[in-house]
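**Student:** Following this message is one structure expressed as structure tokens.
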Amino acid sequence: MTNSHSNVPADLIPVIVGVGEIVDRPKEIAEGLEPLALLVEALKRAEQDSGGRWLGEIESLDVVNFLSWRYRDPEKQLADRLGIKPKHAYYGPVGGESPIRYLHEAAQRIARGECSVAAVCGAEAQNTATKAERAGITPPWTPFAHDVAEPKRGAAFQKPMAVKLGVFRPVSVYPFYEAATSAHWGQSPREAMAESGALWAAYSRTACENPSAWLKRRFTPEEITTPSPDNRLIAWPYTKLMVANPTVNMGGAVLMTSRARARAAGIAEDRLIHIWGGASAEEQRDYLERDSFIESHAQNAVLKAVVELAGGEGKAFDAIELYSCFPCVPKMARRTLGLGSDVQLTVTGGLTFFGAPLNTYMTHAACAMVRKLRGGAKLGLL
């Protein structure tokens, strides 16, 4: 799926008007906010950022899948808390790409005239949920929906033998890509590790500058790649500081409308962020069905499609967020884009240092990208 807004009527061009984030660090476990409460607060902050009153007019609402708490119809519960009845209210399946897909689809709805105000939001409270479970405490949240099926993920998509052998979680699969790509690129394991360390050190520097980051500390490449008591080896070659950190409490939200509607509301032009276009593709969920581990065909297809939208060169993007669950992913992506190792690949800080609120990291990346574009960057890639 690929398209851009080149054929959209001028009054229906979709724009982002507000972004909001919340980071929750409660002193007591019982004070921790549940995901639905984080969503409400993130949306309120997005409305405040827009300078207008949009929440009551939301007609399209996409909620990123939760994993830290289970709700029955969370999109309806959120709509009830906001006092709205959107025509489109969707709670999607597990997928780290889903926030970007929802932004794209919401932009399409606005461009088709199907809705005038859209919101995409996600939140997790895994830090509080984990602490509560360890302490034997039930937090004063919406009761956990035990009768709702657990979302499909990981083992549900893999062959029984992979599950039996314990090689079905991302942390045990991505090392295949790490080993295969480095060999394909002619790197020794030491050289591949050095590239990962330098890349992750750059991510950590960006996280230090992001007010919403969970871990604000600059790390050297050697600190990141060298196992230690505080940086244990997770799955070779990845240490703790090279993998995503899901034990965070975060919420993020993006508000969108048409350019005509935003202008009518008096929002300054330099606050409006245009959604230029997007692309989507999928790999086989069962990684053993894929034909190799030296590249991702879905990632290649998407990146090549958006490069075409941008004029044919990866260098056209002056602000970039490449997904960073494991180092091999942005390392593959930057090569597909034809970018050197000197190019900054994050505006957010990465899933290790900014934090990895499970499926919704890219909601926060969209917030960071909006700030970057409002600050002077011209063309961003998520």
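Chains: A, B, ... in order of the structure tokens. Residues: from 1 per chain. Ligands: from 1, in order shown.
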Wanna dump the range 289-316 of chain A-range 265-281 of chain A contacts at 7 Å for me, each residue with its shortest atom pair and the distance in Å to one decimal, counting only C-alpha atoms, ordered by chain and number, as JSON lines?
**Tutor:**
{"residue": "A:Ala298", "atom": "CA", "partner": "A:Ala281", "partner_atom": "CA", "distance": 5.0}
{"residue": "A:Ala301", "atom": "CA", "partner": "A:Ala281", "partner_atom": "CA", "distance": 7.0}
{"residue": "A:Val302", "atom": "CA", "partner": "A:Ala279", "partner_atom": "CA", "distance": 5.3}
{"residue": "A:Ala305", "atom": "CA", "partner": "A:Ala279", "partner_atom": "CA", "distance": 6.4}
{"residue": "A:Val306", "atom": "CA", "partner": "A:Gly278", "partner_atom": "CA", "distance": 6.3}
**Student:** For Glu223 in chain A, list every protein, DNA or RNA residue within 12 Å, evaluated using only C-alpha atoms, and leave out those in the same chain fewer than 5 positions away; present the list as a list in words.
**Tutor:**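 Listing them by chain and then by number gives Met193, Ala194, Ser196, Gly197, Ala198, Trp200, Ala201, Ser204, Arg217, Arg218, Ser228, Pro229, Asp230, Asn231, Arg232, Thr239, Lys240, Leu241 and Met242 of chain A.
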**Student:** Those residues with all heavy atoms, as a short mmCIF file (atom, residue, chain, number, x, y, z; two decimals), in the first residue's frame please?
**Tutor:**
data_model
loop_
_atom_site.label_atom_id
_atom_site.label_comp_id
_atom_site.auth_asym_id
_atom_site.auth_seq_id
_atom_site.Cartn_x
_atom_site.Cartn_y
_atom_site.Cartn_z
N MET A 193 29.80 -5.43 15.84
CA MET A 193 29.53 -4.96 17.19
C MET A 193 29.91 -3.49 17.34
O MET A 193 29.19 -2.70 17.98
CB MET A 193 30.30 -5.80 18.20
CG MET A 193 29.95 -5.51 19.64
SD MET A 193 28.36 -6.22 20.09
CE MET A 193 28.89 -7.84 20.65
N ALA A 194 31.01 -3.08 16.71
CA ALA A 194 31.46 -1.69 16.79
C ALA A 194 30.44 -0.76 16.13
O ALA A 194 30.14 0.33 16.64
CB ALA A 194 32.83 -1.53 16.14
N SER A 196 27.21 -1.37 15.82
CA SER A 196 26.04 -1.34 16.70
C SER A 196 26.27 -0.42 17.89
O SER A 196 25.40 0.37 18.27
CB SER A 196 25.73 -2.75 17.21
OG SER A 196 25.37 -3.61 16.16
N GLY A 197 27.45 -0.51 18.49
CA GLY A 197 27.77 0.32 19.65
C GLY A 197 27.75 1.80 19.32
O GLY A 197 27.19 2.62 20.07
N ALA A 198 28.35 2.16 18.18
CA ALA A 198 28.38 3.57 17.79
C ALA A 198 26.96 4.08 17.50
O ALA A 198 26.60 5.20 17.87
CB ALA A 198 29.27 3.74 16.55
N TRP A 200 24.07 2.88 18.71
CA TRP A 200 23.29 2.96 19.96
C TRP A 200 23.77 4.11 20.84
O TRP A 200 22.96 4.73 21.53
CB TRP A 200 23.36 1.62 20.70
CG TRP A 200 22.07 0.87 20.72
CD1 TRP A 200 21.46 0.33 21.81
CD2 TRP A 200 21.21 0.56 19.60
NE1 TRP A 200 20.27 -0.29 21.45
CE2 TRP A 200 20.10 -0.16 20.09
CE3 TRP A 200 21.26 0.82 18.24
CZ2 TRP A 200 19.06 -0.61 19.29
CZ3 TRP A 200 20.24 0.37 17.43
CH2 TRP A 200 19.16 -0.33 17.95
N ALA A 201 25.06 4.43 20.81
CA ALA A 201 25.56 5.58 21.57
C ALA A 201 24.91 6.86 21.04
O ALA A 201 24.55 7.76 21.82
CB ALA A 201 27.08 5.67 21.47
N SER A 204 21.44 7.06 22.36
CA SER A 204 21.42 7.49 23.76
C SER A 204 21.60 9.00 23.89
O SER A 204 21.00 9.61 24.78
CB SER A 204 22.50 6.75 24.57
OG SER A 204 23.79 7.30 24.40
N ARG A 217 20.78 9.10 29.88
CA ARG A 217 22.21 9.00 30.20
C ARG A 217 22.97 8.67 28.94
O ARG A 217 22.56 7.81 28.16
CB ARG A 217 22.45 7.90 31.25
CG ARG A 217 23.90 7.82 31.68
CD ARG A 217 24.18 6.63 32.56
NE ARG A 217 25.52 6.11 32.30
CZ ARG A 217 25.96 4.94 32.72
NH1 ARG A 217 25.17 4.12 33.39
NH2 ARG A 217 27.20 4.55 32.44
N ARG A 218 24.04 9.39 28.70
CA ARG A 218 24.87 9.11 27.53
C ARG A 218 25.76 7.91 27.82
O ARG A 218 26.41 7.84 28.85
CB ARG A 218 25.75 10.32 27.21
CG ARG A 218 24.95 11.51 26.69
CD ARG A 218 25.88 12.65 26.32
NE ARG A 218 25.11 13.75 25.78
CZ ARG A 218 25.44 14.43 24.69
NH1 ARG A 218 26.53 14.12 24.03
NH2 ARG A 218 24.68 15.43 24.25
N SER A 228 28.45 -6.64 31.51
CA SER A 228 28.88 -6.29 32.86
C SER A 228 27.75 -6.65 33.81
O SER A 228 26.66 -7.02 33.36
CB SER A 228 29.18 -4.79 32.95
OG SER A 228 27.97 -4.05 32.84
N PRO A 229 27.97 -6.55 35.13
CA PRO A 229 26.87 -6.86 36.07
C PRO A 229 25.61 -6.05 35.81
O PRO A 229 24.50 -6.54 36.02
CB PRO A 229 27.49 -6.53 37.44
CG PRO A 229 28.96 -6.76 37.24
CD PRO A 229 29.25 -6.32 35.84
N ASP A 230 25.76 -4.80 35.36
CA ASP A 230 24.60 -3.96 35.07
C ASP A 230 24.16 -4.04 33.62
O ASP A 230 23.17 -3.40 33.23
CB ASP A 230 24.91 -2.50 35.41
CG ASP A 230 25.09 -2.28 36.90
OD1 ASP A 230 24.47 -3.03 37.68
OD2 ASP A 230 25.86 -1.39 37.28
N ASN A 231 24.89 -4.79 32.81
CA ASN A 231 24.60 -4.85 31.37
C ASN A 231 24.80 -6.29 30.89
O ASN A 231 25.68 -6.59 30.09
CB ASN A 231 25.54 -3.89 30.61
CG ASN A 231 25.19 -3.77 29.15
OD1 ASN A 231 24.02 -3.83 28.77
ND2 ASN A 231 26.21 -3.60 28.30
N ARG A 232 23.93 -7.15 31.41
CA ARG A 232 24.11 -8.58 31.16
C ARG A 232 23.88 -8.92 29.68
O ARG A 232 23.18 -8.21 28.95
CB ARG A 232 23.17 -9.40 32.03
CG ARG A 232 21.70 -9.24 31.69
CD ARG A 232 20.82 -9.98 32.68
NE ARG A 232 19.40 -9.95 32.29
CZ ARG A 232 18.59 -8.93 32.54
NH1 ARG A 232 19.06 -7.86 33.16
NH2 ARG A 232 17.33 -8.98 32.15
N THR A 239 23.53 -7.21 24.40
CA THR A 239 23.50 -6.98 25.85
C THR A 239 22.19 -6.27 26.20
O THR A 239 21.41 -5.88 25.32
CB THR A 239 24.67 -6.07 26.28
OG1 THR A 239 24.52 -4.80 25.63
CG2 THR A 239 26.02 -6.68 25.90
N LYS A 240 21.98 -6.06 27.50
CA LYS A 240 20.76 -5.39 27.97
C LYS A 240 20.63 -4.00 27.34
O LYS A 240 19.51 -3.55 27.02
CB LYS A 240 20.80 -5.28 29.50
CG LYS A 240 19.57 -4.64 30.11
CD LYS A 240 19.72 -4.55 31.63
CE LYS A 240 18.52 -3.83 32.26
NZ LYS A 240 18.71 -3.66 33.72
N LEU A 241 21.74 -3.28 27.15
CA LEU A 241 21.71 -1.93 26.60
C LEU A 241 21.58 -1.92 25.07
O LEU A 241 21.67 -0.86 24.45
CB LEU A 241 22.95 -1.15 27.02
CG LEU A 241 22.97 -0.67 28.47
CD1 LEU A 241 24.31 -0.02 28.81
CD2 LEU A 241 21.83 0.31 28.75
N MET A 242 21.36 -3.10 24.46
CA MET A 242 21.18 -3.17 23.01
C MET A 242 19.79 -3.65 22.63
O MET A 242 19.48 -3.82 21.45
CB MET A 242 22.24 -4.09 22.39
CG MET A 242 23.66 -3.60 22.59
SD MET A 242 24.91 -4.83 22.13
CE MET A 242 24.86 -4.71 20.35
#
**Student:** Please, which residues of range 17-58 of chain A, numbered as in this document, come out strand (DSSP E) from DSSP, as a list in words?
**Tutor:** Val17, Gly18, Val19, Gly20, Glu21, Ile22 and Val23 of chain A
**Student:** Any chance you could export the current selection's N, CA and C atoms as a PDB file, in the first residue's frame?
**Tutor:**
ATOM      1  N   VAL A  17      -1.965  18.650  14.032  1.00  0.00           N
ATOM      2  CA  VAL A  17      -2.088  19.939  14.723  1.00  0.00           C
ATOM      3  C   VAL A  17      -1.647  19.877  16.185  1.00  0.00           C
ATOM      4  N   GLY A  18      -1.563  18.666  16.751  1.00  0.00           N
ATOM      5  CA  GLY A  18      -1.185  18.580  18.160  1.00  0.00           C
ATOM      6  C   GLY A  18      -0.582  17.246  18.520  1.00  0.00           C
ATOM      7  N   VAL A  19       0.405  17.275  19.415  1.00  0.00           N
ATOM      8  CA  VAL A  19       1.005  16.043  19.935  1.00  0.00           C
ATOM      9  C   VAL A  19       1.098  16.153  21.448  1.00  0.00           C
ATOM     10  N   GLY A  20       0.931  15.019  22.118  1.00  0.00           N
ATOM     11  CA  GLY A  20       1.000  15.023  23.573  1.00  0.00           C
ATOM     12  C   GLY A  20       1.624  13.763  24.107  1.00  0.00           C
ATOM     13  N   GLU A  21       2.408  13.900  25.163  1.00  0.00           N
ATOM     14  CA  GLU A  21       3.058  12.746  25.795  1.00  0.00           C
ATOM     15  C   GLU A  21       2.989  12.882  27.303  1.00  0.00           C
ATOM     16  N   ILE A  22       2.976  11.742  27.981  1.00  0.00           N
ATOM     17  CA  ILE A  22       3.068  11.709  29.440  1.00  0.00           C
ATOM     18  C   ILE A  22       3.988  10.574  29.841  1.00  0.00           C
ATOM     19  N   VAL A  23       4.839  10.844  30.813  1.00  0.00           N
ATOM     20  CA  VAL A  23       5.703   9.827  31.416  1.00  0.00           C
ATOM     21  C   VAL A  23       5.320   9.764  32.892  1.00  0.00           C
TER      22      VAL A  23
END
**Student:** State, in Å with one decimal place, the distance from CA of Glu150 in chain A to CA of Gly95 in chain A.
**Tutor:** 14.1 Å
**Student:** Any chance you could tabulate, as CSV, the residues of range 283-305 of chain A at most 8 Å from range 334-342 of chain A with each one's nearest atom pair and distance in Å to one decimal, using only C-alpha atoms, in chain and rising number order?
**Tutor:**
residue,atom,partner,partner_atom,distance
A:Asn300,CA,A:Thr336,CA,6.4
A:Leu303,CA,A:Leu337,CA,6.9
A:Lys304,CA,A:Leu337,CA,7.5
